[in-house]
There are 2 protein chains.
Amino acid sequence: MNDESLREAGLKVTIPRVKILEILTANKQRHMSAEDVYKTLLTQREEVSLATVYRVLTQFESVGIVMRHNFEGDHAVFELKENEHHDHLVCVRCGKVEEFVDETIEKRQQQIAKQANFKMTDHALNIYGLCGTCQ
Amino acid sequence: MNDESLREAGLKVTIPRVKILEILTANKQRHMSAEDVYKTLLTQREEVSLATVYRVLTQFESVGIVMRHNFEGDHAVFELKENEHHDHLVCVRCGKVEEFVDETIEKRQQQIAKQANFKMTDHALNIYGLCGTCQ
DNA sequence: AACTTAAATGAGAATCATTTGCATCTGGGC
DNA sequence: GCCCAGATGCAAATGATTCTCATTTAAGTT
Ligand SMILES: [Mn+2]
Ligand SMILES: [Mn+2]
Ligand SMILES: [Zn+2]
Ligand SMILES: [Zn+2]
């Protein structure tokens, strides 16, 4: 969540990385696309190129700082990984995303993976539907 | 699974649609990308453009003949929807996909959606990991 | 079987998100 | 301050998917 996490990950502490980390931290409740992060940088008069935003987010993902999601097929969204694991409810109309954790499901997944002889590294459960407002 | 399903869906019975339906039927066990379908058409000397493959697959999806998945962010894959609902185990190394259904999880999902006041229209549970061969 | 027309298709251009090549810049160790 | 691997900006390249538009075709109607 700060310069230290960058050093620990073996990444130089550069302006773009620090700024992007700040933005993600200030938006923990959201799921931001590269474009979202880029626009936020612009409003802060930060001179960071979109290409760098993509590069940094990808690096953050590979060192475990963020998690990438492909809720909709056309663009990825990211969120800080410090939050404990959780799954998502996605409104197919307004795009709203709610998070949840269900122990019963978590356990069953492990059993299913073991049964199929898969060594589970990750999983993603997305429930799509209409949120209260959109129904 | 045949011309009748096209008519029922209100779609004209055209060569491209029939051929694509045949290919999907002959590959029920797989999950095919638009490109996969297109290449298969080529090996059969069928003159169908890639644009049409995309159009047809999208139409098939909207009338419920196929289901679209976004396992990996960069391209979608499709499978006939006649098969009953199921979720997926995806090998992150070789791409192998296994299917499964778990009633416990299905039920919990409904409860979770109801609890969050979402009207669930669909859901996707993907368990990622290493398959037996790849471990 | 020929006539009619809305729907379907092919070919290629256009989009859009994401990636890359390359010249230039900079963080951090000495 | 010096050095250089790693980082960045910019623009061009990619790759999947969509769109435009001229041409063709399925299928209902004489
Ligand atoms: Mn989340
Ligand atoms: Mn499947
Ligand atoms: Zn909504
Ligand atoms: Zn495998």
# chains A, B, ... in the order shown; residues from 1 in each chain; ligands from 1
>>> interface_residues(of="chain B", to="chain D", cutoff="8 Å", atoms="only C-alpha atoms (C1' of nucleotides)", output="PDB file with all heavy atoms, in the first residue's frame")
ATOM      1  N   LYS B  12     -33.183 -16.963 -40.551  1.00  0.00           N
ATOM      2  CA  LYS B  12     -33.242 -17.652 -41.837  1.00  0.00           C
ATOM      3  C   LYS B  12     -32.238 -18.797 -41.831  1.00  0.00           C
ATOM      4  O   LYS B  12     -31.184 -18.706 -41.212  1.00  0.00           O
ATOM      5  CB  LYS B  12     -32.849 -16.693 -42.969  1.00  0.00           C
ATOM      6  CG  LYS B  12     -33.918 -15.708 -43.368  1.00  0.00           C
ATOM      7  CD  LYS B  12     -33.427 -14.952 -44.597  1.00  0.00           C
ATOM      8  CE  LYS B  12     -34.411 -13.868 -45.011  1.00  0.00           C
ATOM      9  NZ  LYS B  12     -33.883 -13.076 -46.140  1.00  0.00           N
ATOM     10  N   VAL B  13     -32.593 -19.858 -42.530  1.00  0.00           N
ATOM     11  CA  VAL B  13     -31.700 -21.013 -42.594  1.00  0.00           C
ATOM     12  C   VAL B  13     -30.703 -20.786 -43.724  1.00  0.00           C
ATOM     13  O   VAL B  13     -30.991 -21.090 -44.878  1.00  0.00           O
ATOM     14  CB  VAL B  13     -32.499 -22.309 -42.849  1.00  0.00           C
ATOM     15  CG1 VAL B  13     -31.552 -23.497 -42.925  1.00  0.00           C
ATOM     16  CG2 VAL B  13     -33.526 -22.508 -41.739  1.00  0.00           C
ATOM     17  N   THR B  14     -29.552 -20.259 -43.407  1.00  0.00           N
ATOM     18  CA  THR B  14     -28.540 -19.974 -44.428  1.00  0.00           C
ATOM     19  C   THR B  14     -27.360 -20.931 -44.297  1.00  0.00           C
ATOM     20  O   THR B  14     -27.172 -21.544 -43.247  1.00  0.00           O
ATOM     21  CB  THR B  14     -28.016 -18.539 -44.273  1.00  0.00           C
ATOM     22  OG1 THR B  14     -27.330 -18.441 -43.024  1.00  0.00           O
ATOM     23  CG2 THR B  14     -29.170 -17.549 -44.284  1.00  0.00           C
ATOM     24  N   TYR B  54     -18.493 -14.049 -36.701  1.00  0.00           N
ATOM     25  CA  TYR B  54     -18.744 -13.234 -35.507  1.00  0.00           C
ATOM     26  C   TYR B  54     -20.219 -12.876 -35.405  1.00  0.00           C
ATOM     27  O   TYR B  54     -20.830 -12.974 -34.345  1.00  0.00           O
ATOM     28  CB  TYR B  54     -17.911 -11.948 -35.563  1.00  0.00           C
ATOM     29  CG  TYR B  54     -16.521 -12.119 -35.011  1.00  0.00           C
ATOM     30  CD1 TYR B  54     -15.425 -12.191 -35.852  1.00  0.00           C
ATOM     31  CD2 TYR B  54     -16.301 -12.225 -33.640  1.00  0.00           C
ATOM     32  CE1 TYR B  54     -14.133 -12.353 -35.343  1.00  0.00           C
ATOM     33  CE2 TYR B  54     -15.024 -12.381 -33.125  1.00  0.00           C
ATOM     34  CZ  TYR B  54     -13.941 -12.449 -33.978  1.00  0.00           C
ATOM     35  OH  TYR B  54     -12.682 -12.613 -33.473  1.00  0.00           O
ATOM     36  N   ASP B  74      -8.598 -11.854 -23.594  1.00  0.00           N
ATOM     37  CA  ASP B  74      -8.403 -11.368 -24.959  1.00  0.00           C
ATOM     38  C   ASP B  74      -9.294 -11.938 -26.059  1.00  0.00           C
ATOM     39  O   ASP B  74      -9.309 -11.418 -27.158  1.00  0.00           O
ATOM     40  CB  ASP B  74      -6.946 -11.556 -25.350  1.00  0.00           C
ATOM     41  CG  ASP B  74      -6.583 -13.015 -25.317  1.00  0.00           C
ATOM     42  OD1 ASP B  74      -7.257 -13.768 -24.590  1.00  0.00           O
ATOM     43  OD2 ASP B  74      -5.644 -13.408 -26.020  1.00  0.00           O
ATOM     44  N   HIS B  75     -10.008 -13.013 -25.803  1.00  0.00           N
ATOM     45  CA  HIS B  75     -10.921 -13.478 -26.840  1.00  0.00           C
ATOM     46  C   HIS B  75     -11.967 -14.376 -26.216  1.00  0.00           C
ATOM     47  O   HIS B  75     -11.706 -15.094 -25.254  1.00  0.00           O
ATOM     48  CB  HIS B  75     -10.161 -14.208 -27.942  1.00  0.00           C
ATOM     49  CG  HIS B  75      -9.624 -15.526 -27.509  1.00  0.00           C
ATOM     50  ND1 HIS B  75      -8.566 -15.640 -26.641  1.00  0.00           N
ATOM     51  CD2 HIS B  75     -10.011 -16.789 -27.782  1.00  0.00           C
ATOM     52  CE1 HIS B  75      -8.319 -16.914 -26.422  1.00  0.00           C
ATOM     53  NE2 HIS B  75      -9.188 -17.636 -27.091  1.00  0.00           N
TER      54      HIS B  75
END
>>> residues_around(residues="Ser33 in chain B", least_positions_apart="2", cutoff="12 Å", atoms="only C-alpha atoms (C1' of nucleotides)", output="number ranges by chain")
B: 20, 23-24, 27, 30-31, 35-40, 50, 53-54, 57-58, 66-72, 74-79; D: 16-17
>>> write_last_selection(atoms="N, CA, C and O atoms (P, O5', C5', C4', C3', O3' and C1' of nucleotides)", output="compact mmCIF listing (two decimals), in the first residue's frame")
# COMPACT_ATOMS: atom_id res chain seq x y z
N ILE B 20 -21.99 -23.44 -39.33
CA ILE B 20 -21.45 -23.09 -38.02
C ILE B 20 -22.12 -23.93 -36.94
O ILE B 20 -21.47 -24.40 -36.00
N ILE B 23 -20.55 -27.32 -37.01
CA ILE B 23 -19.22 -27.32 -36.40
C ILE B 23 -19.31 -27.30 -34.88
O ILE B 23 -18.60 -28.03 -34.19
N LEU B 24 -20.20 -26.48 -34.37
CA LEU B 24 -20.34 -26.41 -32.91
C LEU B 24 -20.85 -27.75 -32.37
O LEU B 24 -20.42 -28.21 -31.31
N ASN B 27 -18.29 -30.34 -32.12
CA ASN B 27 -17.24 -30.04 -31.13
C ASN B 27 -17.82 -29.71 -29.76
O ASN B 27 -17.29 -28.86 -29.05
N ARG B 30 -15.63 -29.16 -26.82
CA ARG B 30 -14.69 -28.05 -26.76
C ARG B 30 -15.38 -26.70 -26.53
O ARG B 30 -16.60 -26.62 -26.51
N HIS B 31 -14.56 -25.68 -26.40
CA HIS B 31 -15.04 -24.32 -26.30
C HIS B 31 -14.30 -23.63 -27.44
O HIS B 31 -13.09 -23.51 -27.41
N GLU B 35 -12.39 -17.51 -34.22
CA GLU B 35 -11.29 -17.89 -35.10
C GLU B 35 -11.25 -19.41 -35.30
O GLU B 35 -11.03 -19.89 -36.41
N ASP B 36 -11.44 -20.15 -34.23
CA ASP B 36 -11.47 -21.62 -34.32
C ASP B 36 -12.53 -22.07 -35.31
O ASP B 36 -12.29 -22.92 -36.16
N VAL B 37 -13.71 -21.49 -35.17
CA VAL B 37 -14.81 -21.86 -36.05
C VAL B 37 -14.46 -21.50 -37.49
O VAL B 37 -14.66 -22.30 -38.40
N TYR B 38 -13.90 -20.33 -37.66
CA TYR B 38 -13.52 -19.86 -39.00
C TYR B 38 -12.50 -20.80 -39.64
O TYR B 38 -12.64 -21.21 -40.80
N LYS B 39 -11.48 -21.18 -38.88
CA LYS B 39 -10.45 -22.08 -39.41
C LYS B 39 -11.06 -23.42 -39.80
O LYS B 39 -10.70 -24.01 -40.82
N THR B 40 -11.97 -23.89 -38.98
CA THR B 40 -12.62 -25.16 -39.29
C THR B 40 -13.39 -25.06 -40.60
O THR B 40 -13.37 -25.96 -41.43
N LEU B 50 -15.00 -14.22 -41.91
CA LEU B 50 -14.83 -14.15 -40.46
C LEU B 50 -15.87 -13.22 -39.86
O LEU B 50 -16.40 -13.48 -38.77
N VAL B 53 -18.90 -15.10 -39.23
CA VAL B 53 -18.77 -16.00 -38.09
C VAL B 53 -19.07 -15.23 -36.82
O VAL B 53 -19.84 -15.67 -35.97
N TYR B 54 -18.49 -14.05 -36.70
CA TYR B 54 -18.74 -13.23 -35.51
C TYR B 54 -20.22 -12.88 -35.40
O TYR B 54 -20.83 -12.97 -34.35
N LEU B 57 -22.30 -16.02 -34.48
CA LEU B 57 -22.11 -16.45 -33.08
C LEU B 57 -22.83 -15.51 -32.13
O LEU B 57 -23.45 -15.94 -31.15
N THR B 58 -22.77 -14.22 -32.42
CA THR B 58 -23.44 -13.25 -31.57
C THR B 58 -24.95 -13.44 -31.62
O THR B 58 -25.64 -13.36 -30.61
N VAL B 66 -26.12 -20.57 -28.24
CA VAL B 66 -24.79 -20.78 -27.67
C VAL B 66 -24.57 -19.89 -26.45
O VAL B 66 -25.33 -18.96 -26.19
N MET B 67 -23.52 -20.20 -25.75
CA MET B 67 -23.15 -19.42 -24.57
C MET B 67 -21.74 -18.89 -24.82
O MET B 67 -20.90 -19.61 -25.35
N ARG B 68 -21.52 -17.66 -24.46
CA ARG B 68 -20.21 -17.03 -24.66
C ARG B 68 -19.47 -17.01 -23.33
O ARG B 68 -20.07 -16.70 -22.30
N HIS B 69 -18.18 -17.31 -23.35
CA HIS B 69 -17.36 -17.25 -22.14
C HIS B 69 -16.15 -16.36 -22.36
O HIS B 69 -15.63 -16.29 -23.46
N ASN B 70 -15.72 -15.70 -21.31
CA ASN B 70 -14.52 -14.87 -21.38
C ASN B 70 -13.49 -15.39 -20.40
O ASN B 70 -13.06 -14.67 -19.50
N PHE B 71 -13.11 -16.65 -20.59
CA PHE B 71 -12.13 -17.25 -19.68
C PHE B 71 -10.86 -16.42 -19.62
O PHE B 71 -10.32 -16.15 -18.56
N GLU B 72 -10.33 -16.04 -20.75
CA GLU B 72 -9.14 -15.23 -20.82
C GLU B 72 -9.61 -13.90 -21.38
O GLU B 72 -10.55 -13.85 -22.15
N ASP B 74 -8.60 -11.85 -23.59
CA ASP B 74 -8.40 -11.37 -24.96
C ASP B 74 -9.29 -11.94 -26.06
O ASP B 74 -9.31 -11.42 -27.16
N HIS B 75 -10.01 -13.01 -25.80
CA HIS B 75 -10.92 -13.48 -26.84
C HIS B 75 -11.97 -14.38 -26.22
O HIS B 75 -11.71 -15.09 -25.25
N ALA B 76 -13.16 -14.34 -26.79
CA ALA B 76 -14.27 -15.11 -26.25
C ALA B 76 -14.29 -16.51 -26.85
O ALA B 76 -13.77 -16.74 -27.94
N VAL B 77 -14.89 -17.44 -26.13
CA VAL B 77 -15.09 -18.78 -26.66
C VAL B 77 -16.57 -19.11 -26.50
O VAL B 77 -17.25 -18.54 -25.65
N PHE B 78 -17.04 -20.02 -27.37
CA PHE B 78 -18.46 -20.36 -27.37
C PHE B 78 -18.67 -21.86 -27.24
O PHE B 78 -17.80 -22.66 -27.59
N GLU B 79 -19.84 -22.23 -26.77
CA GLU B 79 -20.21 -23.64 -26.70
C GLU B 79 -21.72 -23.71 -26.84
O GLU B 79 -22.43 -22.79 -26.46
P DA D 16 -6.30 -12.35 -32.25
O5' DA D 16 -7.73 -11.92 -31.72
C5' DA D 16 -7.91 -11.71 -30.32
C4' DA D 16 -9.11 -10.82 -30.11
C3' DA D 16 -10.41 -11.39 -30.68
O3' DA D 16 -11.43 -11.26 -29.71
C1' DA D 16 -10.01 -9.21 -31.54
P DT D 17 -12.85 -11.95 -29.99
O5' DT D 17 -13.68 -10.75 -30.61
C5' DT D 17 -13.80 -9.56 -29.85
C4' DT D 17 -14.44 -8.46 -30.66
C3' DT D 17 -15.76 -8.84 -31.35
O3' DT D 17 -16.76 -7.95 -30.88
C1' DT D 17 -14.34 -7.62 -32.81
>>> residues_near_ligand(ligand="ligand 2", cutoff="8 Å", atoms="only C-alpha atoms (C1' of nucleotides) and all ligand atoms", output="PyMOL selection string")
chain B and resi 29-31+79+86-88+97-99
>>> residues_near_ligand(ligand="ligand 3", cutoff="12 Å", atoms="only C-alpha atoms (C1' of nucleotides) and all ligand atoms", output="PyMOL selection string")
(chain A and resi 89-98+128-135) or (chain B and resi 116-120)
>>> select_by_dssp(residues="chain A", states="strand (DSSP E or B)", output="MDAnalysis selection string")
chainID A and resid 32 66:72 75:80 87:91 97:100 119:130
>>> atom_distance(atom1="CA of Ser62 in chain B", atom2="CA of Leu6 in chain B")
12.2 Å
>>> interface_residues(of="chain C", to="chain A", cutoff="12 Å", atoms="only C-alpha atoms (C1' of nucleotides)", output="ChimeraX atom specification")
/C:15-20,25-28
>>> closest_residue(among="A:Gln109, A:Gln115, A:Ser49, A:Asn2", to="chain B", atoms="only C-alpha atoms")
A:Gln109
>>> atom_distance(atom1="CA of Ile15 in chain A", atom2="atom 1 (Mn, counted along the ligand's line) of ligand 1")
25.8 Å
>>> residues_around(residues="Ile65 in chain A", least_positions_apart="4", cutoff="6 Å", atoms="only C-alpha atoms (C1' of nucleotides)", output="mmCIF file with N, CA, C and O atoms, in the first residue's frame")
data_model
loop_
_atom_site.group_PDB
_atom_site.id
_atom_site.type_symbol
_atom_site.label_atom_id
_atom_site.label_comp_id
_atom_site.auth_asym_id
_atom_site.auth_seq_id
_atom_site.Cartn_x
_atom_site.Cartn_y
_atom_site.Cartn_z
ATOM 1 N N PHE A 60 2.019 -4.686 -11.370
ATOM 2 C CA PHE A 60 1.384 -4.799 -10.051
ATOM 3 C C PHE A 60 0.659 -6.137 -9.944
ATOM 4 O O PHE A 60 0.667 -6.769 -8.904
ATOM 5 N N GLU A 61 0.070 -6.540 -11.034
ATOM 6 C CA GLU A 61 -0.646 -7.814 -11.001
ATOM 7 C C GLU A 61 0.337 -8.969 -10.816
ATOM 8 O O GLU A 61 0.131 -9.841 -9.969
ATOM 9 N N LYS A 81 -5.115 -5.830 -4.117
ATOM 10 C CA LYS A 81 -5.280 -7.203 -3.664
ATOM 11 C C LYS A 81 -5.182 -7.318 -2.145
ATOM 12 O O LYS A 81 -5.358 -8.390 -1.581
#
>>> select_by_dssp(residues="range 44-115 of chain A", states="alpha helix (DSSP H)", output="PDB file with C-alpha atoms, in the first residue's frame")
ATOM      1  CA  LEU A  50      -1.456   5.536 -20.793  1.00  0.00           C
ATOM      2  CA  ALA A  51       1.123   2.984 -21.909  1.00  0.00           C
ATOM      3  CA  THR A  52       2.816   3.305 -18.543  1.00  0.00           C
ATOM      4  CA  VAL A  53      -0.475   2.866 -16.735  1.00  0.00           C
ATOM      5  CA  TYR A  54      -0.957  -0.419 -18.572  1.00  0.00           C
ATOM      6  CA  ARG A  55       2.613  -1.486 -17.893  1.00  0.00           C
ATOM      7  CA  VAL A  56       2.418  -0.624 -14.210  1.00  0.00           C
ATOM      8  CA  LEU A  57      -0.934  -2.316 -13.672  1.00  0.00           C
ATOM      9  CA  THR A  58       0.365  -5.461 -15.332  1.00  0.00           C
ATOM     10  CA  GLN A  59       3.468  -5.399 -13.147  1.00  0.00           C
ATOM     11  CA  PHE A  60       1.384  -4.799 -10.051  1.00  0.00           C
ATOM     12  CA  GLU A  61      -0.646  -7.814 -11.001  1.00  0.00           C
ATOM     13  CA  SER A  62       2.355 -10.056 -11.480  1.00  0.00           C
ATOM     14  CA  GLU A 103     -17.528 -20.015   3.100  1.00  0.00           C
ATOM     15  CA  THR A 104     -19.757 -22.820   1.920  1.00  0.00           C
ATOM     16  CA  ILE A 105     -18.903 -22.083  -1.681  1.00  0.00           C
ATOM     17  CA  GLU A 106     -15.221 -21.612  -0.918  1.00  0.00           C
ATOM     18  CA  LYS A 107     -15.039 -25.051   0.645  1.00  0.00           C
ATOM     19  CA  ARG A 108     -16.960 -26.782  -2.108  1.00  0.00           C
ATOM     20  CA  GLN A 109     -14.644 -25.294  -4.691  1.00  0.00           C
ATOM     21  CA  GLN A 110     -11.627 -26.795  -3.008  1.00  0.00           C
ATOM     22  CA  GLN A 111     -13.304 -30.171  -2.881  1.00  0.00           C
ATOM     23  CA  ILE A 112     -14.232 -29.942  -6.548  1.00  0.00           C
ATOM     24  CA  ALA A 113     -10.696 -29.002  -7.556  1.00  0.00           C
ATOM     25  CA  LYS A 114      -9.230 -31.836  -5.520  1.00  0.00           C
ATOM     26  CA  GLN A 115     -11.721 -34.276  -6.978  1.00  0.00           C
TER      27      GLN A 115
END
>>> atom_distance(atom1="CA of Ser5 in chain A", atom2="CA of Asp122 in chain A")
22.0 Å
>>> decode(residues="range 60-72 of chain A", atoms="all heavy atoms", output="compact mmCIF listing (two decimals), in the first residue's frame")
# COMPACT_ATOMS: atom_id res chain seq x y z
N PHE A 60 2.02 -4.69 -11.37
CA PHE A 60 1.38 -4.80 -10.05
C PHE A 60 0.66 -6.14 -9.94
O PHE A 60 0.67 -6.77 -8.90
CB PHE A 60 0.40 -3.65 -9.84
CG PHE A 60 1.04 -2.35 -9.44
CD1 PHE A 60 2.42 -2.21 -9.42
CD2 PHE A 60 0.26 -1.26 -9.07
CE1 PHE A 60 3.02 -1.01 -9.05
CE2 PHE A 60 0.85 -0.06 -8.69
CZ PHE A 60 2.23 0.07 -8.69
N GLU A 61 0.07 -6.54 -11.03
CA GLU A 61 -0.65 -7.81 -11.00
C GLU A 61 0.34 -8.97 -10.82
O GLU A 61 0.13 -9.84 -9.97
CB GLU A 61 -1.43 -8.04 -12.29
CG GLU A 61 -2.21 -9.36 -12.27
CD GLU A 61 -2.78 -9.73 -13.64
OE1 GLU A 61 -2.30 -9.18 -14.66
OE2 GLU A 61 -3.68 -10.59 -13.69
N SER A 62 1.43 -8.92 -11.57
CA SER A 62 2.36 -10.06 -11.48
C SER A 62 3.09 -10.14 -10.15
O SER A 62 3.55 -11.21 -9.78
CB SER A 62 3.33 -10.06 -12.66
OG SER A 62 4.04 -8.86 -12.69
N VAL A 63 3.20 -9.03 -9.43
CA VAL A 63 3.83 -9.12 -8.11
C VAL A 63 2.78 -9.22 -7.01
O VAL A 63 3.09 -9.17 -5.82
CB VAL A 63 4.75 -7.91 -7.82
CG1 VAL A 63 5.86 -7.86 -8.87
CG2 VAL A 63 3.95 -6.61 -7.80
N GLY A 64 1.53 -9.35 -7.40
CA GLY A 64 0.49 -9.56 -6.40
C GLY A 64 -0.07 -8.33 -5.71
O GLY A 64 -0.75 -8.45 -4.70
N ILE A 65 0.21 -7.16 -6.23
CA ILE A 65 -0.32 -5.94 -5.60
C ILE A 65 -1.77 -5.70 -6.01
O ILE A 65 -2.57 -5.21 -5.22
CB ILE A 65 0.53 -4.71 -5.98
CG1 ILE A 65 1.93 -4.84 -5.34
CG2 ILE A 65 -0.14 -3.42 -5.52
CD1 ILE A 65 2.86 -3.68 -5.66
N VAL A 66 -2.11 -6.03 -7.23
CA VAL A 66 -3.50 -5.87 -7.67
C VAL A 66 -4.03 -7.16 -8.28
O VAL A 66 -3.27 -8.09 -8.58
CB VAL A 66 -3.67 -4.74 -8.71
CG1 VAL A 66 -3.12 -3.43 -8.21
CG2 VAL A 66 -3.05 -5.15 -10.03
N MET A 67 -5.32 -7.19 -8.46
CA MET A 67 -5.98 -8.32 -9.08
C MET A 67 -6.69 -7.79 -10.32
O MET A 67 -7.28 -6.72 -10.27
CB MET A 67 -6.98 -8.88 -8.08
CG MET A 67 -7.97 -9.84 -8.61
SD MET A 67 -8.05 -11.28 -7.49
CE MET A 67 -7.24 -12.54 -8.50
N ARG A 68 -6.61 -8.56 -11.40
CA ARG A 68 -7.25 -8.15 -12.64
C ARG A 68 -8.53 -8.95 -12.83
O ARG A 68 -8.55 -10.16 -12.56
CB ARG A 68 -6.31 -8.43 -13.81
CG ARG A 68 -6.87 -8.07 -15.18
CD ARG A 68 -6.06 -8.73 -16.30
NE ARG A 68 -4.66 -8.39 -16.22
CZ ARG A 68 -4.07 -7.47 -17.00
NH1 ARG A 68 -4.77 -6.85 -17.91
NH2 ARG A 68 -2.79 -7.22 -16.87
N HIS A 69 -9.59 -8.28 -13.27
CA HIS A 69 -10.86 -8.97 -13.53
C HIS A 69 -11.30 -8.70 -14.96
O HIS A 69 -11.06 -7.62 -15.49
CB HIS A 69 -11.96 -8.46 -12.61
CG HIS A 69 -11.71 -8.70 -11.16
ND1 HIS A 69 -11.73 -9.96 -10.60
CD2 HIS A 69 -11.44 -7.84 -10.14
CE1 HIS A 69 -11.49 -9.87 -9.30
NE2 HIS A 69 -11.32 -8.59 -9.00
N ASN A 70 -11.99 -9.66 -15.55
CA ASN A 70 -12.55 -9.49 -16.89
C ASN A 70 -14.06 -9.66 -16.83
O ASN A 70 -14.61 -10.53 -17.51
CB ASN A 70 -11.95 -10.51 -17.86
CG ASN A 70 -10.50 -10.22 -18.14
OD1 ASN A 70 -9.62 -10.97 -17.75
ND2 ASN A 70 -10.24 -9.12 -18.81
N PHE A 71 -14.70 -8.84 -16.04
CA PHE A 71 -16.15 -8.94 -15.88
C PHE A 71 -16.84 -8.87 -17.22
O PHE A 71 -17.72 -9.66 -17.54
CB PHE A 71 -16.68 -7.82 -14.99
CG PHE A 71 -16.19 -7.89 -13.58
CD1 PHE A 71 -15.90 -6.73 -12.88
CD2 PHE A 71 -16.03 -9.12 -12.94
CE1 PHE A 71 -15.46 -6.79 -11.56
CE2 PHE A 71 -15.59 -9.18 -11.63
CZ PHE A 71 -15.30 -8.00 -10.94
N GLU A 72 -16.50 -7.90 -18.01
CA GLU A 72 -17.07 -7.75 -19.33
C GLU A 72 -15.93 -8.05 -20.28
O GLU A 72 -14.78 -7.78 -19.97
CB GLU A 72 -17.58 -6.32 -19.51
CG GLU A 72 -17.55 -5.57 -18.20
CD GLU A 72 -18.64 -4.56 -18.00
OE1 GLU A 72 -19.14 -4.03 -18.99
OE2 GLU A 72 -18.98 -4.31 -16.83
